[in-house]
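Presented below is the structure to which this report refers.
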Amino acid sequence: MTTKTGVLGGFKAFLMRGNVVDLAVAVVIGAAFTSIVNAVVKGVINPVVGAFGTKDLDHYAVCIKGPCAVNAKTGEVIQGVSIQWGAVLSASLTFLITAAVVYFLMLLPMKRWQERQAARQPAAPAKETELELLTQIRDALVEQRREPGSETVPAPR
């Protein structure tokens, strides 16, 4: 059987590597979770925060220079300098929730499954250390040098 060479063959080999396929699956699932997480932040977390202040985290800001004026329709600062810390907090919460969902619902179960699969595989023979191999070679050389009928001499340590 001949192997495909050239640009298309190399591209196919690249795409069929396991880590590229895993990455594509992660991106698709991450995009799906993003809409769910955004809905949770806007539908649950923002109203809880709204019990203590404004309903939308994006409206939390600190004016650091001059009198600040904000466009009511767009929420954009039109006068002064303002730090929009509510938007940063909202994005941070979205990120943390997304990371938690991906970790606890995807990575942790996959890791456990891989550990179970590895436990089913027979254990690989233990690799001998270099010192053990050298000791075996030395002992074999000592055995070859012995003359038949002579006393056994312990190998030097």
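Ligands are numbered from 1 in the order shown, residues from 1 within each chain, and chains are lettered A, B, ... in the order they appear in the structure tokens.
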*Which residues, written as a list in words, have at least one atom at most 6 Å from region 45-62 of chain A, with only C-alpha atoms counted and residues fewer than 3 positions away on the same chain left out?*
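Surrounding residues, per the criterion: Val41, Lys42, Ser82, Ile83, Gln84, Trp85, Gly86 and Ala87 of chain A.
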*Where in region 32-125 of chain A does DSSP assign strand (DSSP E), given as a list in words?*
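Filtering region 32-125 of chain A to strand (DSSP E) leaves Val62, Cys63, Ile64, Lys65, Gly66, Pro67, Cys68, Ala69, Val70, Val77, Ile78, Gln79, Gly80, Val81, Ser82 and Ile83 of chain A.
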*Residues at most 12 Å from region 14-31 of chain A, counting only C-alpha atoms, excluding those fewer than 6 positions away in the same chain, as a ChimeraX atom specification?*
/A:7-8,37-38,95,97-103,105-107,110
